[in-house]
Amino acid sequence: MRRQRFAILNVALLLLLALAPAMEGGRALTNVLFVGSFVLVLVSAVYAVGQRWHARKIVLPLAALGGASLLCVILLIARRLFTVTSADYETINASLCVYLLMGVLWSFAYSGTELLAPGSFSYPLAKAGAAMMEIGGKHTVIPLYFSFVTMSTLGYGDIVPLGSAAPADRG
């Protein structure tokens, strides 16, 4: 079971991402499921990187802060990846974990940007006045979508970063 720790984290991350579209209605049950899946991600992240006592001492207190915990987990897994000499099942799972965790972390950053500087993003295809970049709310899938579309460099036109707070492309 110990060799599957990154696979467990990947399952928790995929569950979190799969539940995000269900949040669109803002129903109480889906909110509880989403928060539960995020807690599952944090617990499985602590399990994945907590093979050494010093890692647990760092990650466990940060788990209450969410985003700081995700950043710490990404750095600990990346450090492990840079010391691996051959790729195996766990290495591939660890790499996927880093990518998915970065997407979730960036979605929190985009949501925080919109919270601290309202109007940082424009949604040409959405109803006027809708608060779309809100993780954990009615539109949880939007920051996740924006994060992964940006990371994969697919390009987008349905969400446009504005102002100095958001990462706008000024051409």
# chains A, B, ... in the order shown; residues from 1 in each chain; ligands from 1

call {"tool": "residues_around", "arguments": {"residues": "Tyr145 in chain A", "least_positions_apart": "5", "cutoff": "9 Å", "atoms": "only C-alpha atoms", "output": "short mmCIF file (atom, residue, chain, number, x, y, z; two decimals) with N, CA and C atoms, in the first residue's frame"}}
result
data_model
loop_
_atom_site.label_atom_id
_atom_site.label_comp_id
_atom_site.auth_asym_id
_atom_site.auth_seq_id
_atom_site.Cartn_x
_atom_site.Cartn_y
_atom_site.Cartn_z
N GLY A 103 -2.48 22.96 -10.98
CA GLY A 103 -3.72 23.48 -11.54
C GLY A 103 -4.69 23.91 -10.45
N SER A 107 -5.87 27.76 -9.50
CA SER A 107 -7.28 28.14 -9.45
C SER A 107 -7.58 28.92 -8.17
N THR A 140 -17.40 26.98 -9.16
CA THR A 140 -16.10 26.40 -8.83
C THR A 140 -15.36 25.91 -10.07
N THR A 150 -4.98 27.60 -19.11
CA THR A 150 -3.79 28.43 -19.12
C THR A 150 -2.53 27.57 -19.04
#

call {"tool": "residues_around", "arguments": {"residues": "Ser95 in chain A", "least_positions_apart": "5", "cutoff": "12 Å", "atoms": "only C-alpha atoms", "output": "list in words"}}
result
Phe6, Ala7, Leu9, Asn10, Ile74, Leu75, Leu76, Ile77, Ala78, Arg79, Arg80, Leu81, Phe82, Val84, Ala87, Asp88, Tyr89, Glu90, Leu100, Leu101 and Met102 of chain A

call {"tool": "atom_distance", "arguments": {"atom1": "CA of Thr153 in chain A", "atom2": "CA of Thr113 in chain A"}}
result
20.1 Å

call {"tool": "residues_around", "arguments": {"residues": "Gly67 in chain A", "least_positions_apart": "2", "cutoff": "8 Å", "atoms": "only C-alpha atoms", "output": "MDAnalysis selection string"}}
result
chainID A and resid 65 69:71 105 108

call {"tool": "atom_distance", "arguments": {"atom1": "CA of Arg3 in chain A", "atom2": "CA of Gly50 in chain A"}}
result
12.8 Å

call {"tool": "atom_distance", "arguments": {"atom1": "CA of Val149 in chain A", "atom2": "CA of Val39 in chain A"}}
result
24.3 Å

call {"tool": "closest_residue", "arguments": {"among": "A:Leu42, A:Met133, A:Val104, A:Val49", "to": "Leu116 in chain A", "atoms": "only C-alpha atoms"}}
result
A:Met133

call {"tool": "closest_residue", "arguments": {"among": "A:Cys97, A:Ala12, A:Leu33, A:Ile159", "to": "Ile142 in chain A", "atoms": "only C-alpha atoms"}}
result
A:Ile159

call {"tool": "closest_residue", "arguments": {"among": "A:Val160, A:Leu115, A:Gly36, A:Val11", "to": "Ile135 in chain A", "atoms": "only C-alpha atoms"}}
result
A:Leu115

call {"tool": "closest_residue", "arguments": {"among": "A:His139, A:Phe148, A:Met23, A:Gly119", "to": "Val35 in chain A", "atoms": "only C-alpha atoms"}}
result
A:Met23

call {"tool": "closest_residue", "arguments": {"among": "A:Val98, A:Ala48, A:Leu154, A:Val141", "to": "Ala18 in chain A", "atoms": "only C-alpha atoms"}}
result
A:Val141
